[in-house]
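One file, run-v1.cif, carrying mmCIF, C-alpha atoms and all ligand atoms:
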```cif
data_model
loop_
_atom_site.label_atom_id
_atom_site.label_comp_id
_atom_site.auth_asym_id
_atom_site.auth_seq_id
_atom_site.Cartn_x
_atom_site.Cartn_y
_atom_site.Cartn_z
CA MET A 15 30.75 -21.17 16.51
CA ILE A 16 31.71 -24.53 15.10
CA ILE A 17 29.29 -25.45 12.35
CA GLN A 18 28.98 -29.13 11.68
CA HIS A 19 25.72 -29.54 9.82
CA HIS A 20 25.03 -27.79 6.54
CA PRO A 21 22.14 -27.71 4.07
CA SER A 22 22.12 -30.58 1.59
CA GLU A 23 23.15 -30.00 -1.98
CA GLU A 24 19.52 -30.17 -3.14
CA THR A 25 18.50 -27.53 -0.63
CA LEU A 26 21.42 -25.29 -1.54
CA LEU A 27 20.65 -25.63 -5.24
CA GLY A 28 16.98 -25.00 -4.62
CA TYR A 29 17.88 -21.83 -2.78
CA ALA A 30 20.41 -20.68 -5.38
CA GLY A 31 17.96 -21.08 -8.23
CA GLY A 32 15.04 -19.53 -6.37
CA ALA A 33 12.92 -22.65 -6.22
CA LEU A 34 12.80 -23.00 -2.45
CA PRO A 35 9.63 -21.49 -0.94
CA GLY A 36 10.23 -18.25 0.97
CA PRO A 37 9.89 -19.58 4.53
CA LEU A 38 12.30 -22.43 3.81
CA ALA A 39 14.69 -20.08 2.03
CA SER A 40 14.70 -17.81 5.09
CA VAL A 41 16.05 -20.63 7.22
CA VAL A 42 18.79 -21.40 4.69
CA ALA A 43 19.68 -17.69 4.55
CA MET A 44 20.23 -17.66 8.32
CA HIS A 45 22.77 -20.42 7.92
CA PHE A 46 24.51 -18.56 5.09
CA GLU A 47 24.92 -15.60 7.45
CA VAL A 48 27.28 -17.62 9.60
CA CYS A 49 28.73 -20.22 7.22
CA LEU A 50 31.53 -19.17 4.92
CA ALA A 51 31.76 -22.56 3.24
CA CYS A 52 28.11 -22.56 2.19
CA ARG A 53 28.33 -18.93 1.10
CA ALA A 54 31.20 -19.81 -1.21
CA GLU A 55 29.19 -22.71 -2.60
CA LEU A 56 26.19 -20.41 -3.05
CA SER A 57 28.21 -17.83 -4.90
CA LEU A 58 29.38 -20.52 -7.30
CA TRP A 59 25.79 -21.51 -8.04
CA GLU A 60 24.74 -17.90 -8.41
CA LYS A 61 27.31 -17.62 -11.19
CA VAL A 62 25.60 -20.60 -12.78
CA GLY A 63 22.34 -18.70 -12.33
CA GLY A 64 23.83 -15.68 -14.08
CA ALA A 65 24.87 -17.87 -16.97
CA PHE A 66 21.46 -19.53 -17.10
CA LEU A 67 19.89 -16.08 -17.15
CA GLU A 68 22.05 -14.93 -20.04
CA ALA A 69 21.22 -18.07 -21.97
CA MET A 70 17.46 -17.73 -21.42
CA ALA A 71 15.32 -17.42 -24.47
CA PRO A 72 13.88 -13.91 -23.95
CA ALA A 73 10.18 -13.62 -23.16
CA GLU A 74 8.35 -10.70 -24.66
CA MET A 75 7.75 -7.78 -22.33
CA THR A 76 4.68 -5.57 -22.69
CA SER A 77 5.37 -2.76 -25.12
CA ASN A 78 5.36 0.09 -22.62
CA ALA A 79 7.22 -1.73 -19.85
CA LEU A 80 10.28 0.50 -19.98
CA GLU A 81 8.20 3.69 -19.93
CA ARG A 82 6.33 2.36 -16.94
CA ILE A 83 9.57 1.81 -15.07
CA PHE A 84 10.87 5.25 -16.00
CA ALA A 85 7.65 6.70 -14.63
CA ARG A 86 8.27 4.93 -11.35
CA LEU A 87 11.90 5.88 -10.78
CA GLY A 88 11.03 8.62 -8.32
CA GLU A 89 8.65 6.46 -6.33
CA PRO A 90 9.48 6.08 -2.67
CA VAL A 91 10.67 2.61 -1.79
CA ARG A 92 8.08 0.81 0.24
CA GLU A 93 9.49 -1.42 2.89
CA PRO A 94 7.12 -4.19 3.88
CA ALA A 95 5.62 -3.48 7.28
CA GLU A 96 7.22 -5.46 10.04
CA LYS A 97 4.64 -7.80 11.43
CA LYS A 98 4.73 -8.20 15.14
CA SER A 99 4.04 -11.64 16.37
CA ARG A 100 3.70 -12.81 19.90
CA GLU A 101 5.28 -15.81 21.45
CA ARG A 102 2.77 -18.39 22.61
CA TRP A 103 2.99 -21.19 25.04
CA ILE A 104 1.95 -24.34 23.23
CA GLY A 105 2.83 -27.07 25.65
CA PRO A 106 5.01 -28.00 28.55
CA GLY A 107 8.34 -26.27 28.00
CA ILE A 108 7.59 -25.10 24.45
CA TRP A 109 6.90 -21.62 23.14
CA TYR A 110 5.96 -20.91 19.55
CA THR A 111 6.27 -17.67 17.59
CA PRO A 112 4.69 -17.65 14.14
CA LEU A 113 6.71 -15.55 11.69
CA VAL A 114 5.30 -16.31 8.26
CA HIS A 115 2.38 -18.37 7.08
CA ASP A 116 1.98 -18.64 3.34
CA LYS A 117 -1.44 -20.18 2.96
CA ASP A 118 -1.19 -20.64 -0.80
CA GLN A 119 1.98 -22.65 -0.54
CA GLY A 120 1.14 -24.21 2.79
CA THR A 121 4.51 -23.13 4.13
CA ARG A 122 5.41 -21.64 7.47
CA LEU A 123 8.27 -19.99 9.24
CA TYR A 124 8.25 -20.02 13.00
CA ARG A 125 10.50 -19.78 16.00
CA LEU A 126 10.50 -22.34 18.74
CA ARG A 127 11.88 -21.91 22.21
CA ALA A 128 12.05 -25.08 24.21
CA ARG A 129 13.37 -26.14 27.58
CA ALA A 130 16.13 -28.68 27.96
CA GLY A 131 14.81 -32.20 27.61
CA THR A 132 11.76 -31.21 25.58
CA LYS A 133 10.79 -33.13 22.48
CA LEU A 134 10.33 -30.74 19.58
CA PRO A 135 7.19 -30.88 17.50
CA THR A 136 7.82 -32.14 14.00
CA HIS A 137 5.70 -31.83 10.93
CA GLY A 138 5.52 -35.47 10.00
CA HIS A 139 6.69 -36.70 6.66
CA ASP A 140 4.48 -34.87 4.22
CA GLY A 141 6.86 -32.07 3.41
CA ARG A 142 10.25 -30.62 4.01
CA GLU A 143 11.27 -29.18 7.33
CA LEU A 144 14.40 -27.08 7.74
CA THR A 145 15.69 -25.99 11.12
CA TYR A 146 18.35 -23.49 12.07
CA VAL A 147 19.65 -23.56 15.62
CA LEU A 148 20.13 -20.15 17.22
CA THR A 149 21.01 -21.19 20.75
CA GLY A 150 21.17 -24.39 22.73
CA GLU A 151 21.45 -27.87 21.33
CA ILE A 152 19.18 -30.32 19.56
CA ALA A 153 19.77 -34.03 19.40
CA ASP A 154 18.20 -36.05 16.61
CA GLY A 155 19.11 -39.69 16.68
CA ASP A 156 22.82 -39.79 17.31
CA ARG A 157 23.45 -36.36 15.82
CA ARG A 158 23.84 -33.15 17.75
CA TYR A 159 23.08 -29.71 16.41
CA GLY A 160 24.38 -26.52 17.99
CA PRO A 161 24.20 -22.82 17.18
CA GLY A 162 24.68 -22.20 13.45
CA ASP A 163 23.85 -25.77 12.54
CA PHE A 164 21.28 -26.67 9.97
CA LEU A 165 18.96 -29.59 10.43
CA GLU A 166 17.13 -31.04 7.51
CA ALA A 167 14.36 -33.50 8.18
CA ASP A 168 14.82 -36.45 5.94
CA ALA A 169 11.63 -38.24 5.05
CA THR A 170 13.43 -41.56 4.97
CA HIS A 171 14.50 -41.42 8.59
CA GLU A 172 12.60 -41.25 11.79
CA HIS A 173 12.91 -37.69 12.91
CA GLU A 174 12.67 -37.11 16.64
CA PRO A 175 14.48 -33.98 17.62
CA ARG A 176 14.70 -33.07 21.28
CA VAL A 177 16.50 -30.41 23.23
CA SER A 178 19.68 -31.88 24.61
CA GLY A 179 22.24 -30.14 26.78
CA ASP A 180 21.10 -28.23 29.80
CA THR A 181 20.08 -24.88 28.41
CA GLU A 182 16.96 -23.98 26.52
CA CYS A 183 17.07 -24.09 22.75
CA VAL A 184 15.87 -21.47 20.33
CA CYS A 185 15.54 -22.42 16.69
CA VAL A 186 13.88 -21.16 13.55
CA ILE A 187 11.97 -23.63 11.44
CA GLY A 188 10.67 -23.46 7.90
CA SER A 189 8.24 -26.19 6.97
CA GLU A 190 5.82 -27.41 4.40
CA GLY A 191 2.69 -28.50 6.12
CA PRO A 192 1.68 -27.59 9.66
CA PRO A 193 3.76 -28.74 12.61
CA ARG A 194 2.35 -31.80 14.30
CA ILE A 195 2.35 -32.01 18.00
CA PRO A 196 0.75 -34.92 19.72
CA GLY A 197 -1.73 -34.55 22.54
CA ILE A 198 -2.90 -31.40 24.17
CA ALA A 199 -0.16 -29.20 22.73
CA GLY A 200 -1.14 -30.24 19.23
CA LEU A 201 -4.76 -29.45 19.91
CA LEU A 202 -3.75 -26.05 21.24
CA LEU A 203 -1.61 -25.37 18.21
CA ARG A 204 -4.37 -26.35 15.83
CA ALA A 205 -6.74 -24.14 17.72
CA PHE A 206 -4.39 -21.20 17.24
CA PHE A 207 -3.80 -21.79 13.55
CA MET B 107 39.04 2.55 -3.70
CA SER B 108 37.48 5.73 -5.08
CA GLY B 109 39.75 5.65 -8.11
CA SER B 110 38.46 2.30 -9.27
CA VAL B 111 34.91 3.59 -9.50
CA GLN B 112 35.99 6.10 -12.13
CA ASP B 113 37.85 3.56 -14.19
CA HIS B 114 35.15 1.65 -15.98
CA THR B 115 37.25 0.47 -18.85
CA GLY B 116 38.12 -2.88 -17.36
CA TRP B 117 34.54 -3.99 -16.95
CA ASP B 118 32.21 -5.54 -19.43
CA GLU B 119 29.44 -3.60 -21.12
CA ASN B 120 26.67 -4.68 -18.76
CA SER B 121 28.68 -3.78 -15.69
CA ARG B 122 29.54 -0.40 -17.14
CA CYS B 123 25.85 0.27 -17.68
CA ILE B 124 25.15 -0.39 -14.00
CA LEU B 125 28.09 1.77 -12.95
CA ALA B 126 26.80 4.58 -15.19
CA ILE B 127 23.41 4.34 -13.52
CA ALA B 128 25.06 4.55 -10.12
CA ALA B 129 27.26 7.49 -11.12
CA ASN B 130 24.96 9.58 -13.32
CA ALA B 131 21.48 8.08 -13.14
CA ASP B 132 22.06 7.33 -16.79
CA ARG B 133 18.79 6.40 -18.45
CA GLU B 134 20.31 5.30 -21.70
CA SER B 135 22.39 2.69 -19.91
CA PHE B 136 19.30 1.58 -18.06
CA ALA B 137 17.36 1.21 -21.29
CA ARG B 138 20.11 -1.01 -22.67
CA LEU B 139 20.17 -3.18 -19.57
CA PHE B 140 16.40 -3.36 -19.64
CA ALA B 141 16.32 -4.46 -23.27
CA PHE B 142 18.63 -7.33 -22.56
CA PHE B 143 17.71 -8.44 -19.07
CA ALA B 144 13.99 -7.75 -18.58
CA PRO B 145 12.88 -10.34 -21.18
CA ARG B 146 15.30 -12.89 -19.73
CA VAL B 147 14.28 -12.26 -16.16
CA LYS B 148 10.69 -12.70 -17.26
CA SER B 149 11.63 -15.93 -18.96
CA TYR B 150 13.47 -17.17 -15.86
CA LEU B 151 10.45 -16.41 -13.67
CA MET B 152 8.10 -18.20 -16.03
CA ARG B 153 10.38 -21.21 -15.96
CA SER B 154 10.27 -21.02 -12.19
CA GLY B 155 6.50 -21.26 -12.26
CA ALA B 156 5.20 -17.69 -12.51
CA ASP B 157 2.42 -17.01 -14.96
CA ALA B 158 3.07 -14.43 -17.69
CA ALA B 159 1.46 -11.49 -15.89
CA GLU B 160 3.24 -12.20 -12.62
CA ALA B 161 6.55 -12.71 -14.40
CA GLU B 162 6.10 -9.44 -16.26
CA GLU B 163 5.40 -7.57 -13.05
CA LEU B 164 8.29 -9.12 -11.16
CA ALA B 165 10.66 -8.54 -14.08
CA GLN B 166 9.75 -4.87 -13.94
CA GLU B 167 10.29 -4.85 -10.18
CA ALA B 168 13.66 -6.53 -10.65
CA LEU B 169 14.81 -3.95 -13.17
CA LEU B 170 13.52 -1.16 -10.96
CA ALA B 171 15.63 -2.67 -8.19
CA VAL B 172 18.62 -2.65 -10.53
CA TRP B 173 18.16 1.11 -10.91
CA ARG B 174 17.75 1.66 -7.19
CA LYS B 175 20.52 -0.61 -6.03
CA ALA B 176 23.02 0.27 -8.74
CA ALA B 177 25.29 1.98 -6.20
CA SER B 178 25.74 -1.28 -4.32
CA PHE B 179 26.87 -3.16 -7.41
CA ASP B 180 30.52 -4.17 -7.20
CA PRO B 181 31.79 -5.44 -10.55
CA ALA B 182 34.83 -6.95 -8.87
CA ARG B 183 32.59 -9.28 -6.89
CA ALA B 184 29.86 -10.26 -9.30
CA THR B 185 29.11 -9.93 -12.96
CA ALA B 186 26.05 -7.96 -14.01
CA SER B 187 24.22 -11.16 -14.94
CA THR B 188 24.89 -12.82 -11.62
CA TRP B 189 23.94 -9.69 -9.71
CA ILE B 190 20.69 -9.23 -11.62
CA PHE B 191 19.95 -12.93 -11.34
CA THR B 192 20.20 -12.77 -7.54
CA ILE B 193 17.99 -9.67 -7.44
CA ALA B 194 15.33 -11.42 -9.52
CA ARG B 195 15.64 -14.62 -7.54
CA ASN B 196 15.27 -12.85 -4.20
CA LEU B 197 12.20 -11.01 -5.44
CA TRP B 198 10.76 -14.32 -6.57
CA ILE B 199 11.52 -16.03 -3.25
CA ASP B 200 9.94 -13.15 -1.37
CA GLY B 201 7.01 -12.96 -3.75
CA ILE B 202 4.12 -12.99 -1.38
CA ARG B 203 1.35 -12.79 -3.89
CA ARG B 204 2.21 -15.99 -5.59
CA ALA B 205 -1.20 -16.73 -6.91
CA LYS B 206 -1.00 -20.39 -7.64
CA ARG B 207 0.99 -23.15 -6.15
CA ARG B 208 3.81 -24.39 -8.25
CA SER B 209 2.40 -27.84 -8.23
CA GLN B 210 3.42 -28.90 -11.64
CA MET B 211 6.86 -28.81 -13.02
CA VAL B 212 7.26 -26.62 -16.01
CA ASP B 213 7.99 -28.82 -18.92
CA THR B 214 10.84 -27.11 -20.67
CA SER B 215 13.79 -28.86 -22.05
CA TRP B 216 16.84 -26.84 -21.35
CA ASP B 217 18.33 -25.16 -24.35
CA ILE B 218 21.45 -23.16 -24.10
CA GLU B 219 21.27 -20.65 -26.85
CA PRO B 220 24.13 -19.91 -29.14
CA VAL B 221 26.10 -17.06 -27.67
CA GLU B 222 25.94 -14.69 -30.61
CA GLN B 223 22.84 -12.60 -31.05
CA PRO B 224 24.06 -9.58 -32.96
CA GLY B 225 22.57 -6.22 -32.18
CA GLU B 226 20.73 -7.35 -29.13
CA ARG B 227 23.28 -9.01 -26.98
CA LEU B 228 25.66 -7.07 -24.85
CA ILE B 229 29.07 -8.45 -24.29
CA ALA B 230 29.09 -11.52 -22.08
CA THR B 231 31.78 -11.61 -19.48
CA ASP B 232 34.50 -14.21 -19.44
CA THR B 233 32.99 -15.72 -16.34
CA GLU B 234 29.58 -16.18 -17.86
CA ARG B 235 31.11 -17.49 -21.01
CA SER B 236 33.01 -19.97 -18.92
CA VAL B 237 29.95 -21.08 -17.04
CA THR B 238 28.02 -21.44 -20.26
CA ALA B 239 30.90 -23.36 -21.74
CA ALA B 240 31.08 -25.52 -18.62
CA LEU B 241 27.37 -26.31 -18.88
CA LYS B 242 27.83 -27.30 -22.49
CA MET B 243 30.53 -29.72 -21.48
CA LEU B 244 28.14 -31.65 -19.29
CA PRO B 245 26.10 -34.48 -20.75
CA PRO B 246 22.45 -33.43 -21.29
CA ASP B 247 21.09 -35.81 -18.66
CA GLN B 248 23.30 -34.16 -16.05
CA VAL B 249 22.28 -30.66 -17.12
CA GLU B 250 18.68 -31.82 -16.88
CA VAL B 251 18.93 -32.91 -13.24
CA ILE B 252 20.80 -29.72 -12.35
CA ARG B 253 18.07 -27.72 -14.01
CA LEU B 254 15.39 -29.57 -12.09
CA SER B 255 17.18 -29.07 -8.78
CA PHE B 256 18.04 -25.50 -9.57
CA PHE B 257 14.81 -24.16 -10.98
CA GLU B 258 12.25 -26.49 -9.54
CA GLY B 259 14.03 -27.10 -6.27
CA ARG B 260 12.25 -30.39 -5.90
CA PRO B 261 13.57 -33.08 -3.62
CA HIS B 262 15.59 -35.72 -5.38
CA ALA B 263 12.91 -38.31 -4.72
CA GLU B 264 10.36 -36.25 -6.61
CA ILE B 265 12.70 -35.68 -9.54
CA ALA B 266 13.28 -39.42 -9.69
CA GLU B 267 9.56 -40.01 -9.84
CA ARG B 268 9.03 -37.44 -12.57
CA LEU B 269 11.82 -38.75 -14.70
CA SER B 270 10.92 -42.37 -13.95
CA LEU B 271 14.42 -43.04 -12.74
CA PRO B 272 15.61 -44.86 -9.66
CA LEU B 273 16.40 -42.46 -6.80
CA GLY B 274 19.98 -43.68 -6.73
CA THR B 275 20.45 -42.75 -10.39
CA VAL B 276 19.13 -39.24 -9.82
CA LYS B 277 21.32 -38.76 -6.77
CA SER B 278 24.43 -39.95 -8.52
CA ARG B 279 23.67 -37.86 -11.60
CA ILE B 280 23.29 -34.76 -9.49
CA ARG B 281 26.42 -35.56 -7.54
CA LEU B 282 28.35 -36.14 -10.76
CA ALA B 283 27.01 -33.03 -12.42
CA CYS B 284 27.66 -30.82 -9.39
CA GLY B 285 31.15 -32.21 -9.00
CA ARG B 286 32.04 -31.71 -12.63
CA LEU B 287 30.52 -28.27 -12.82
CA ARG B 288 32.28 -27.19 -9.66
CA LYS B 289 35.57 -28.49 -10.95
CA LEU B 290 35.12 -26.76 -14.30
CA LEU B 291 34.13 -23.52 -12.62
CA GLU B 292 36.91 -23.56 -10.08
CA ASP B 293 39.39 -23.95 -12.88
CA LEU B 294 37.79 -21.20 -14.88
CA VAL B 295 36.66 -18.58 -12.41
ZN ZN C 301 27.22 -24.34 5.84
#
```

So that I can check it, write out the structure of this file as structure tokens.
Ligand SMILES: [Zn+2]
Amino acid sequence: MIIQHHPSEETLLGYAGGALPGPLASVVAMHFEVCLACRAELSLWEKVGGAFLEAMAPAEMTSNALERIFARLGEPVREPAEKKSRERWIGPGIWYTPLVHDKDQGTRLYRLRARAGTKLPTHGHDGRELTYVLTGEIADGDRRYGPGDFLEADATHEHEPRVSGDTECVCVIGSEGPPRIPGIAGLLLRAFF
Amino acid sequence: MSGSVQDHTGWDENSRCILAIAANADRESFARLFAFFAPRVKSYLMRSGADAAEAEELAQEALLAVWRKAASFDPARATASTWIFTIARNLWIDGIRRAKRRSQMVDTSWDIEPVEQPGERLIATDTERSVTAALKMLPPDQVEVIRLSFFEGRPHAEIAERLSLPLGTVKSRIRLACGRLRKLLEDLV
């Protein structure tokens, strides 16, 4: 895997400090899994986080907080239930699998599978959109994104990703705001969500 | 490998507390860690946009996770502060019941406290001291943009708007600050 496109510094910092919303952070985390360079950068910023934490002015905890934790030490660890979600056809050559929808934040995490040549739905310019390519290739302008690559929609540029190459593309997308798909596919998507 | 687990003498106080929890489920060590870190984790979460009740709850969860995950702590790889910071951060990122949107930036000017707080403070590691020292070496306006990127995670454009600065200024400040901090840290760590 040759990784060419990495998260921007602001995205990496946002992740490191915990400010990036969960669905967006999940996409960044997938890139960290495969990218040594970004992991090294992250670990540097986590040290900064450790130092920030030490330097924090302490906030007062409730008086029995420690006792409450001691009382819970034997508690079984609850793993969040795995939510099954089904892949849906949302338009010619595009299948959509919702993974997370945080209604309070208006953020989503979803997987897209799209045939070669398909234009990918984008969310417009009202929020951030982070994409991690699992398989296949996406072209956006003159840039090409392959497996492991990270694609960050930049509000200042026209963003028109499409599946290039001749295999289908599977990617995971974290976005603020709902994805926008023109025409019938968009209507279908809005009907589903 | 197994020998190093027994030899705790090389590690700082905080790390030794975590190792003691892992080895003997040592409650006294946990109480010490709690006293130092729980109030700071709570403070970090409030700075990140949690309200007091949510921050309290998550800080307790974070410390509970410290107890449970103590065996996976490797003092050769991370300091106690960094390890606990990442635990708290991940809990915050995953926090599903985030009641309110973090629509407004928390208005807190960043103060780095003096290092000495007798009686309460455990021994800071060299690494954390270095990072703290490195942060102090940066001009305040650079620390400010780092703080905004780091804790608020807002796009540069939004930070520019909030600080009433041109976007280019914010970008170059962040680039400068990141570059300097990285350089300082690479030399130190
Ligand atoms: Zn990378």

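In this model, the gap between CA of Ser178 in chain B and CA of Leu26 in chain A comes to 24.6 Å.
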
Which neighbours of range 61-76 of chain A fall inside 7 Å, counting all atoms listed in the file, when residues of the same chain fewer than 5 positions from it are skipped, and could you give them as a VMD selection string?
(chain A and resid 31) or (chain B and resid 145 to 150 162 187 to 188 191 218 to 219 234 237 to 238)

Store the residues picked out above in a file with C-alpha atoms, as an mmCIF file, in the coordinates of the input.
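What follows is the written file out14.cif:
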```
data_model
loop_
_atom_site.group_PDB
_atom_site.id
_atom_site.type_symbol
_atom_site.label_atom_id
_atom_site.label_comp_id
_atom_site.auth_asym_id
_atom_site.auth_seq_id
_atom_site.Cartn_x
_atom_site.Cartn_y
_atom_site.Cartn_z
ATOM 1 C CA GLY A 31 17.960 -21.080 -8.230
ATOM 2 C CA PRO B 145 12.880 -10.340 -21.180
ATOM 3 C CA ARG B 146 15.300 -12.890 -19.730
ATOM 4 C CA VAL B 147 14.280 -12.260 -16.160
ATOM 5 C CA LYS B 148 10.690 -12.700 -17.260
ATOM 6 C CA SER B 149 11.630 -15.930 -18.960
ATOM 7 C CA TYR B 150 13.470 -17.170 -15.860
ATOM 8 C CA GLU B 162 6.100 -9.440 -16.260
ATOM 9 C CA SER B 187 24.220 -11.160 -14.940
ATOM 10 C CA THR B 188 24.890 -12.820 -11.620
ATOM 11 C CA PHE B 191 19.950 -12.930 -11.340
ATOM 12 C CA ILE B 218 21.450 -23.160 -24.100
ATOM 13 C CA GLU B 219 21.270 -20.650 -26.850
ATOM 14 C CA GLU B 234 29.580 -16.180 -17.860
ATOM 15 C CA VAL B 237 29.950 -21.080 -17.040
ATOM 16 C CA THR B 238 28.020 -21.440 -20.260
#
```

Using only C-alpha atoms and all ligand atoms, determine which residues fall within 6 Å of ligand ZN 301 (chain C), then list them as a PDB file with C-alpha atoms, in the frame of the given file.
```
ATOM      1  CA  HIS A  20      25.030 -27.790   6.540  1.00  0.00           C
ATOM      2  CA  CYS A  49      28.730 -20.220   7.220  1.00  0.00           C
ATOM      3  CA  ALA A  51      31.760 -22.560   3.240  1.00  0.00           C
ATOM      4  CA  CYS A  52      28.110 -22.560   2.190  1.00  0.00           C
TER       5      CYS A  52
END
```

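Interatomic distance, CA of Arg281 in chain B to CA of Ser154 in chain B: 22.2 Å.
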
Two-atom distance - CA of Cys183 in chain A, CA of Thr149 in chain A (Å)
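Separating CA of Cys183 in chain A from CA of Thr149 in chain A is a distance of 5.3 Å.
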
Distance criterion (all atoms listed in the file): nearest to chain B out of A:Pro161, A:Pro175, A:Gly28, A:Gly107
A:Gly28

When distances are computed from only C-alpha atoms, which of B:Pro272, B:Gln166, B:Lys175, B:Met243 shows the smallest separation from Trp189 in chain B?
B:Lys175

Test item: residues at most 10 Å from range 184-191 of chain A, all atoms listed in the file, excluding those fewer than 2 positions along its chain, as number ranges by chain
A: 35-42, 44, 108-117, 119-129, 136-152, 160-167, 177, 181-182, 193-194

Please determine, counting only C-alpha atoms, which residue among B:Arg195, B:Lys242, B:Arg183, B:Arg138 has the shortest atom-to-atom distance to chain A.
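Between B:Arg195, B:Lys242, B:Arg183, B:Arg138, the residue approaching chain A most closely is B:Arg195.
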
Thr275 in chain B: which residues within 12 Å, counting only C-alpha atoms, same-chain residues fewer than 6 positions away excluded, as a list of chain:residue names?
B:Asp247, B:Gln248, B:Val251, B:His262, B:Ala263, B:Ile265, B:Ala266, B:Glu267, B:Leu269, B:Arg281, B:Leu282, B:Ala283

Could you check the closest approach to Asn78 in chain A for each of B:Glu160, B:Leu290, B:Glu119, B:Phe140 and tell me which residue wins, using only C-alpha atoms?
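Among the listed residues, the smallest separation from Asn78 in chain A belongs to B:Phe140.
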
With all atoms listed in the file as the basis for distance, which of B:Glu264, B:Asp132, B:Asp118, B:Glu258 is at the shortest distance from chain A?
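Closest residue, counting all atoms listed in the file: B:Glu258.
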